[in-house]
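Pasting coords_39.cif here (mmCIF, C-alpha atoms):
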```cif
data_structure
#
loop_
_atom_site.label_atom_id
_atom_site.label_comp_id
_atom_site.auth_asym_id
_atom_site.auth_seq_id
_atom_site.Cartn_x
_atom_site.Cartn_y
_atom_site.Cartn_z
CA THR S 182 48.24 -21.91 47.56
CA LYS S 183 46.82 -24.99 45.88
CA PHE S 184 46.71 -23.14 42.58
CA ALA S 185 50.36 -22.10 42.93
CA THR S 186 51.55 -25.61 43.78
CA GLN S 187 49.60 -27.31 40.98
CA CYS S 188 50.46 -24.95 38.16
CA PRO S 189 52.95 -26.30 35.59
CA LYS S 190 56.46 -24.98 35.09
CA PRO S 191 56.48 -22.72 33.22
CA LEU S 192 52.96 -21.44 34.00
CA THR S 193 50.88 -21.38 30.81
CA PHE S 194 48.00 -19.17 29.82
CA GLU S 195 45.86 -22.22 28.93
CA PHE S 196 46.26 -23.63 32.42
CA PHE S 197 45.28 -20.30 33.94
CA CYS S 198 42.09 -20.07 31.85
CA ARG S 199 41.07 -23.64 32.73
CA GLU S 200 41.67 -23.22 36.46
CA PHE S 201 40.06 -19.79 36.50
CA THR S 202 36.91 -21.10 34.80
CA LEU S 203 36.55 -24.02 37.22
CA LYS S 204 36.92 -21.82 40.27
CA SER S 205 35.02 -18.78 38.95
CA ARG S 206 31.79 -19.53 40.82
CA CYS S 207 33.34 -19.03 44.24
CA ILE S 208 35.99 -16.36 43.65
CA ARG S 209 35.86 -12.61 43.94
CA ILE S 210 37.85 -9.82 42.40
CA HIS S 211 40.45 -9.82 45.21
CA THR S 212 41.14 -13.50 44.46
CA LEU S 213 41.76 -12.63 40.83
CA ASN S 214 44.26 -10.00 41.93
CA SER S 215 46.04 -12.67 43.94
CA TYR S 216 46.29 -14.88 40.85
CA ILE S 217 47.74 -11.98 38.88
CA GLN S 218 50.46 -11.47 41.50
CA GLN S 219 51.37 -15.15 41.25
CA PHE S 220 51.64 -14.76 37.48
CA LYS S 221 54.02 -11.89 37.94
CA ARG S 222 56.20 -13.93 40.29
CA LYS S 223 56.28 -16.79 37.76
CA GLU S 224 57.32 -14.21 35.14
CA MET S 225 54.45 -15.17 32.85
CA LYS S 226 53.71 -12.60 30.20
CA ILE S 227 50.01 -11.87 29.85
CA SER S 228 48.46 -8.80 28.31
CA THR S 229 46.46 -6.26 30.29
CA THR S 230 43.60 -6.71 27.87
CA SER S 231 43.36 -10.44 28.59
CA ILE S 232 43.40 -9.86 32.36
CA THR S 233 40.66 -7.25 32.06
CA PHE S 234 38.54 -9.58 29.97
CA LEU S 235 38.94 -12.42 32.46
CA ALA S 236 38.11 -10.08 35.34
CA VAL S 237 34.84 -9.02 33.72
CA VAL S 238 33.83 -12.60 32.90
CA GLY S 239 34.81 -13.88 36.34
CA SER S 240 32.97 -11.16 38.22
CA ALA S 241 29.82 -11.71 36.14
CA VAL S 242 29.84 -15.42 36.83
CA ALA S 243 30.73 -15.07 40.50
CA PHE S 244 28.09 -12.51 41.37
CA ASN S 245 25.31 -13.96 39.22
CA GLY S 246 25.91 -17.53 40.29
CA SER S 247 25.31 -18.83 36.75
CA PRO S 248 27.31 -18.94 33.51
CA VAL S 249 27.14 -16.00 31.16
CA PHE S 250 25.16 -16.72 27.99
CA HIS S 251 23.80 -14.81 25.05
CA ARG S 252 20.06 -14.61 24.68
CA SER S 253 18.81 -15.44 21.24
CA PRO S 254 16.81 -12.65 19.58
CA GLN S 255 13.04 -13.04 19.74
CA ARG S 256 10.76 -12.64 16.77
CA SER S 257 8.66 -9.52 16.73
CA SER S 258 5.25 -9.08 15.19
CA ALA S 259 5.95 -6.45 12.56
CA LEU S 260 4.95 -5.72 9.02
CA HIS S 261 7.82 -6.13 6.58
CA MET S 262 7.88 -3.81 3.61
CA GLY S 263 9.82 -6.00 1.19
CA GLY S 264 13.20 -5.10 2.63
CA ALA S 265 15.95 -7.40 3.89
CA ARG S 266 13.46 -9.99 5.08
CA GLY S 267 10.79 -9.33 2.47
CA GLY S 268 9.96 -11.47 -0.52
CA ALA S 269 11.01 -9.02 -3.24
CA THR S 270 14.75 -8.83 -2.60
CA SER S 271 16.17 -10.93 -5.41
CA PRO S 272 15.81 -9.96 -9.08
CA ALA S 273 13.45 -12.90 -9.59
CA GLY S 274 11.37 -11.88 -6.56
CA LYS S 275 11.13 -8.29 -7.73
CA ALA S 276 10.09 -9.38 -11.21
CA LYS S 277 7.38 -11.58 -9.71
CA THR S 278 6.06 -8.71 -7.59
CA VAL S 279 5.91 -6.41 -10.61
CA GLU S 280 4.02 -9.10 -12.53
CA VAL S 281 1.47 -9.55 -9.75
CA VAL S 282 0.92 -5.80 -9.34
CA SER S 283 0.56 -5.37 -13.11
CA GLU S 284 -2.19 -7.99 -13.18
CA LEU S 285 -3.98 -6.23 -10.33
CA LEU S 286 -3.76 -2.89 -12.14
CA GLU S 287 -5.27 -4.39 -15.29
CA LYS S 288 -8.36 -5.52 -13.37
CA SER S 289 -8.76 -2.44 -11.19
CA GLU S 290 -11.33 0.29 -11.73
CA MET S 291 -9.67 2.31 -8.98
CA ILE S 292 -6.57 2.17 -6.80
CA PHE S 293 -5.87 4.18 -3.67
CA THR S 294 -3.22 4.24 -0.98
CA MET S 295 -2.70 4.76 2.74
CA PRO S 296 0.49 4.76 4.89
CA ALA S 297 1.72 1.27 5.73
CA SER S 298 4.25 2.14 8.43
CA GLY S 299 3.14 1.54 12.01
CA LEU S 300 0.68 -1.23 11.15
CA THR S 301 1.06 -4.61 12.83
CA VAL S 302 0.59 -7.92 11.09
CA SER S 303 -2.66 -8.55 12.99
CA GLU S 304 -4.04 -5.15 11.99
CA VAL S 305 -3.23 -5.70 8.32
CA THR S 306 -4.82 -9.14 8.45
CA ALA S 307 -8.00 -7.72 9.98
CA LEU S 308 -8.10 -4.95 7.36
CA ARG S 309 -7.75 -7.37 4.47
CA ARG S 310 -10.53 -9.57 5.81
CA SER S 311 -12.89 -6.60 6.02
CA LEU S 312 -12.52 -5.67 2.35
CA PRO S 313 -15.21 -6.61 -0.18
CA GLU S 314 -14.61 -9.43 -2.62
CA GLY S 315 -12.57 -8.26 -5.58
CA THR S 316 -10.48 -5.76 -3.58
CA THR S 317 -6.84 -6.54 -2.81
CA ALA S 318 -4.62 -4.74 -0.28
CA LYS S 319 -0.88 -5.04 -0.89
CA VAL S 320 2.23 -3.32 0.46
CA VAL S 321 4.42 -2.52 -2.56
CA LYS S 322 7.79 -0.81 -2.69
CA ASN S 323 7.64 2.41 -4.67
CA THR S 324 10.28 1.32 -7.18
CA LEU S 325 8.36 -1.86 -7.98
CA MET S 326 5.05 0.02 -8.13
CA ALA S 327 6.61 2.44 -10.63
CA ARG S 328 7.72 -0.45 -12.83
CA ALA S 329 4.23 -1.96 -12.77
CA ILE S 330 2.67 1.42 -13.62
CA ASP S 331 4.90 1.73 -16.69
CA ASP S 332 3.35 -1.48 -18.01
CA ASN S 333 -0.26 -0.29 -17.62
CA GLU S 334 -1.99 2.65 -19.27
CA GLY S 335 -4.11 4.97 -17.18
CA PHE S 336 -1.87 5.04 -14.11
CA GLU S 337 1.16 6.91 -15.44
CA GLY S 338 -0.04 10.09 -13.73
CA LEU S 339 1.13 8.64 -10.43
CA GLN S 340 4.79 8.82 -11.41
CA GLY S 341 6.66 11.45 -9.44
CA THR S 342 3.73 12.35 -7.17
CA ALA S 343 3.68 12.40 -3.37
CA LEU S 344 1.64 9.19 -3.45
CA MET S 345 4.77 7.36 -4.62
CA LYS S 346 6.82 8.29 -1.56
CA GLY S 347 7.15 6.58 1.80
CA ALA S 348 5.84 3.15 2.79
CA ASN S 349 2.47 2.61 1.09
CA MET S 350 -0.29 0.04 1.21
CA TRP S 351 -2.13 0.00 -2.10
CA PHE S 352 -5.73 -1.08 -2.58
CA PHE S 353 -6.68 -2.51 -5.96
CA VAL S 354 -10.46 -2.32 -6.44
CA GLU S 355 -12.20 -4.29 -9.18
CA ASP S 356 -15.87 -3.43 -8.56
CA ASP S 357 -17.04 -2.19 -5.18
CA ILE S 358 -15.24 1.14 -4.85
CA SER S 359 -17.60 2.62 -2.29
CA GLY S 360 -17.61 -0.53 -0.17
CA SER S 361 -13.81 -0.73 -0.20
CA LEU S 362 -13.39 2.87 0.89
CA LYS S 363 -15.98 2.47 3.63
CA SER S 364 -14.22 -0.66 4.93
CA VAL S 365 -10.90 1.19 5.13
CA LYS S 366 -12.60 4.15 6.78
CA SER S 367 -14.15 1.88 9.44
CA PHE S 368 -10.79 0.21 10.10
CA ILE S 369 -9.06 3.57 10.57
CA LYS S 370 -11.75 4.78 12.96
CA GLU S 371 -11.94 1.59 15.03
CA ASN S 372 -8.15 1.41 15.47
CA GLY S 373 -7.67 5.10 16.31
CA LYS S 374 -5.58 5.85 13.21
CA ILE S 375 -7.52 8.76 11.75
CA GLU S 376 -4.60 11.17 12.08
CA SER S 377 -1.85 8.78 10.96
CA HIS S 378 -3.38 6.40 8.42
CA GLY S 379 -5.95 8.25 6.35
CA VAL S 380 -6.37 7.52 2.65
CA GLU S 381 -4.00 9.89 0.85
CA GLY S 382 -5.20 9.60 -2.74
CA GLY S 383 -5.50 7.32 -5.72
CA VAL S 384 -6.35 6.91 -9.39
CA ILE S 385 -9.76 6.43 -11.02
CA ASP S 386 -10.47 6.50 -14.75
CA GLY S 387 -6.90 7.67 -15.38
CA ASP S 388 -7.24 10.70 -13.11
CA VAL S 389 -5.04 11.14 -10.03
CA ILE S 390 -7.14 12.32 -7.09
CA ASP S 391 -6.20 13.52 -3.62
CA ALA S 392 -7.76 12.68 -0.25
CA ALA S 393 -10.70 15.02 -0.87
CA GLY S 394 -11.36 13.40 -4.23
CA VAL S 395 -11.31 9.95 -2.66
CA LYS S 396 -13.85 11.11 -0.09
CA ALA S 397 -16.14 12.33 -2.86
CA VAL S 398 -15.84 9.01 -4.70
CA GLU S 399 -16.79 7.18 -1.50
CA ASN S 400 -20.30 8.63 -1.66
CA LEU S 401 -20.90 7.50 -5.24
CA PRO S 402 -22.97 4.34 -5.77
CA SER S 403 -21.14 1.19 -6.76
CA LYS S 404 -21.59 -0.47 -10.15
CA ILE S 405 -23.90 -3.07 -8.62
CA GLU S 406 -26.00 -0.36 -7.00
CA LEU S 407 -26.24 1.53 -10.30
CA ILE S 408 -27.33 -1.59 -12.17
CA ALA S 409 -29.94 -2.29 -9.51
CA ARG S 410 -31.25 1.27 -9.73
CA ILE S 411 -31.44 1.17 -13.55
CA ALA S 412 -33.12 -2.22 -13.51
CA GLY S 413 -35.59 -0.98 -10.95
CA GLY S 414 -36.34 2.09 -13.06
CA ILE S 415 -36.89 0.05 -16.22
CA LYS S 416 -39.12 -2.36 -14.38
CA ALA S 417 -41.21 0.49 -13.03
CA VAL S 418 -41.95 2.02 -16.46
CA PRO S 419 -44.57 -0.55 -17.62
CA THR S 420 -46.28 -0.42 -14.25
CA LYS S 421 -46.60 3.36 -14.36
CA LEU S 422 -47.79 3.25 -17.97
CA ALA S 423 -50.45 0.72 -17.09
CA ARG S 424 -51.69 2.87 -14.26
CA VAL S 425 -51.90 5.92 -16.57
CA THR S 426 -53.76 4.10 -19.33
CA LYS S 427 -56.24 2.63 -16.90
CA ALA S 428 -57.08 5.95 -15.32
CA PRO S 429 -60.61 6.90 -16.64
CA ASN S 430 -60.11 10.65 -16.57
CA SER S 431 -56.62 10.75 -18.07
CA LYS S 432 -56.11 12.37 -21.48
CA LEU S 433 -54.10 9.38 -22.68
CA ALA S 434 -56.92 7.01 -21.69
CA ARG S 435 -59.53 9.11 -23.51
CA ALA S 436 -57.35 9.36 -26.60
CA ILE S 437 -56.82 5.59 -26.68
CA LYS S 438 -60.58 4.98 -26.26
CA LEU S 439 -61.44 7.51 -28.99
CA ALA S 440 -59.01 5.92 -31.44
CA THR S 441 -60.38 2.47 -30.66
CA ASP S 442 -64.00 3.53 -31.16
CA LYS S 443 -63.14 5.24 -34.44
CA ASN S 444 -61.49 2.13 -35.79
CA ASN S 445 -64.60 0.16 -34.84
CA GLY S 446 -66.88 2.55 -36.79
CA VAL S 447 -68.40 4.20 -33.74
CA GLU S 448 -68.82 7.96 -34.01
CA GLU S 449 -68.95 10.10 -30.95
#
```
Please render this file's structure as structure tokens.
Amino acid sequence: TKFATQCPKPLTFEFFCREFTLKSRCIRIHTLNSYIQQFKRKEMKISTTSITFLAVVGSAVAFNGSPVFHRSPQRSSALHMGGARGGATSPAGKAKTVEVVSELLEKSEMIFTMPASGLTVSEVTALRRSLPEGTTAKVVKNTLMARAIDDNEGFEGLQGTALMKGANMWFFVEDDISGSLKSVKSFIKENGKIESHGVEGGVIDGDVIDAAGVKAVENLPSKIELIARIAGGIKAVPTKLARVTKAPNSKLARAIKLATDKNNGVEE
């Protein structure tokens, strides 16, 4: 009754919205129907769509006891693959990514890849920290990887292969190939990703290898290990020679003694 007596002549839609909003906390749907009847008697023209909208808003406010509001989206911890929110979206950003990848390819003795989808930011961070010095892990879009490969000899065999499909994390290895592969293998095992995130293949010495080839390379000694083995072998040669020459019953020792005595004028 108060609403009907206070409403202006003619009854306006703005007045209805203001009054309806102020009283929405204590009204119910049947009250809204009463307001609609009063509108009809005042011969106010209001669309069915507007009434329906007001009914939904009013019922939500009345039953919840608090104003309706939109919740702002929360950030999620996810790994971005250079898409809408990635860094390589603009032409300048893409060119920079290609430049960085090209530099990594120039320094790499081997590169290999594993699926990047399904990895969280924390998992990728932990994986990168476990890699040996000189090894870089980077998620690269296939189109940008293809452009970087075109600028570097020895990797062109990757073009058009299955390794250039899907979301990939590439590993660029400068020295410690075996150590890098073992670090990735440990990460996969510890995080239960053997079935989903195994190493799929790579390139070494210009040859494209599959998962089996990568596994075989893993068992090869690293460059540092090879140098250590060679150095150890060279160092051991004089020691072994000294032991042989000092042995009294050895043929080499007798020959050396005979030659020495002969030069000194001593006949046997």
Across S:Ile358, S:Gly338, S:Ala393, S:Ala348, the smallest distance to Leu300 (chain S), with only C-alpha atoms counted, is shown by S:Ala348
Report, in Å with one decimal, the straight-line distance from CA of Ala318 (chain S) to CA of Val302 (chain S).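 These atoms are spaced 12.9 Å apart.
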Can you pull out every residue within 8 Å of region 323-326 of chain S, counting all atoms listed in the file, but drop anything in the same chain fewer than 2 positions away, and send it as a ChimeraX atom specification? /S:275,278-279,282,321,328-330,345-349
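Restricting the calculation to all atoms listed in the file, the smallest distance between Lys322 (chain S) and any of S:Arg309, S:Gly341, S:Lys370, S:Met350 is found for S:Met350.
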Which polymer residues have any atom within 12 Å of an atom of region 397-402 of chain S, counting all atoms listed in the file, with same-chain residues fewer than 4 positions away left out, as a PyMOL selection string? chain S and resi 291-293+356-366+380+382-386+390-393+406-411
Can you measure CA of Glu314 (chain S) to CA of Ile369 (chain S) for me? One decimal in Å is fine.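 One can read the CA of Glu314 (chain S) to CA of Ile369 (chain S) distance as 19.3 Å.
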Mind pulling up the distance from CA of Lys374 (chain S) to CA of Leu286 (chain S)?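 Computing it gives 26.9 Å between the two atoms.
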What does the PyMOL selection byres ((chain S and resi 372) around 12) select in this file, as a JSON list (two decimals) with C-alpha atoms, in the frame of the given file?
```json
[["chain", "number", "residue", "atom", "x", "y", "z"],
["S", 299, "GLY", "CA", 3.14, 1.54, 12.01],
["S", 300, "LEU", "CA", 0.68, -1.23, 11.15],
["S", 301, "THR", "CA", 1.06, -4.61, 12.83],
["S", 303, "SER", "CA", -2.66, -8.55, 12.99],
["S", 304, "GLU", "CA", -4.04, -5.15, 11.99],
["S", 305, "VAL", "CA", -3.23, -5.70, 8.32],
["S", 307, "ALA", "CA", -8.00, -7.72, 9.98],
["S", 308, "LEU", "CA", -8.10, -4.95, 7.36],
["S", 365, "VAL", "CA", -10.90, 1.19, 5.13],
["S", 366, "LYS", "CA", -12.60, 4.15, 6.78],
["S", 367, "SER", "CA", -14.15, 1.88, 9.44],
["S", 368, "PHE", "CA", -10.79, 0.21, 10.10],
["S", 369, "ILE", "CA", -9.06, 3.57, 10.57],
["S", 370, "LYS", "CA", -11.75, 4.78, 12.96],
["S", 371, "GLU", "CA", -11.94, 1.59, 15.03],
["S", 373, "GLY", "CA", -7.67, 5.10, 16.31],
["S", 374, "LYS", "CA", -5.58, 5.85, 13.21],
["S", 375, "ILE", "CA", -7.52, 8.76, 11.75],
["S", 376, "GLU", "CA", -4.60, 11.17, 12.08],
["S", 377, "SER", "CA", -1.85, 8.78, 10.96],
["S", 378, "HIS", "CA", -3.38, 6.40, 8.42],
["S", 379, "GLY", "CA", -5.95, 8.25, 6.35]]
```
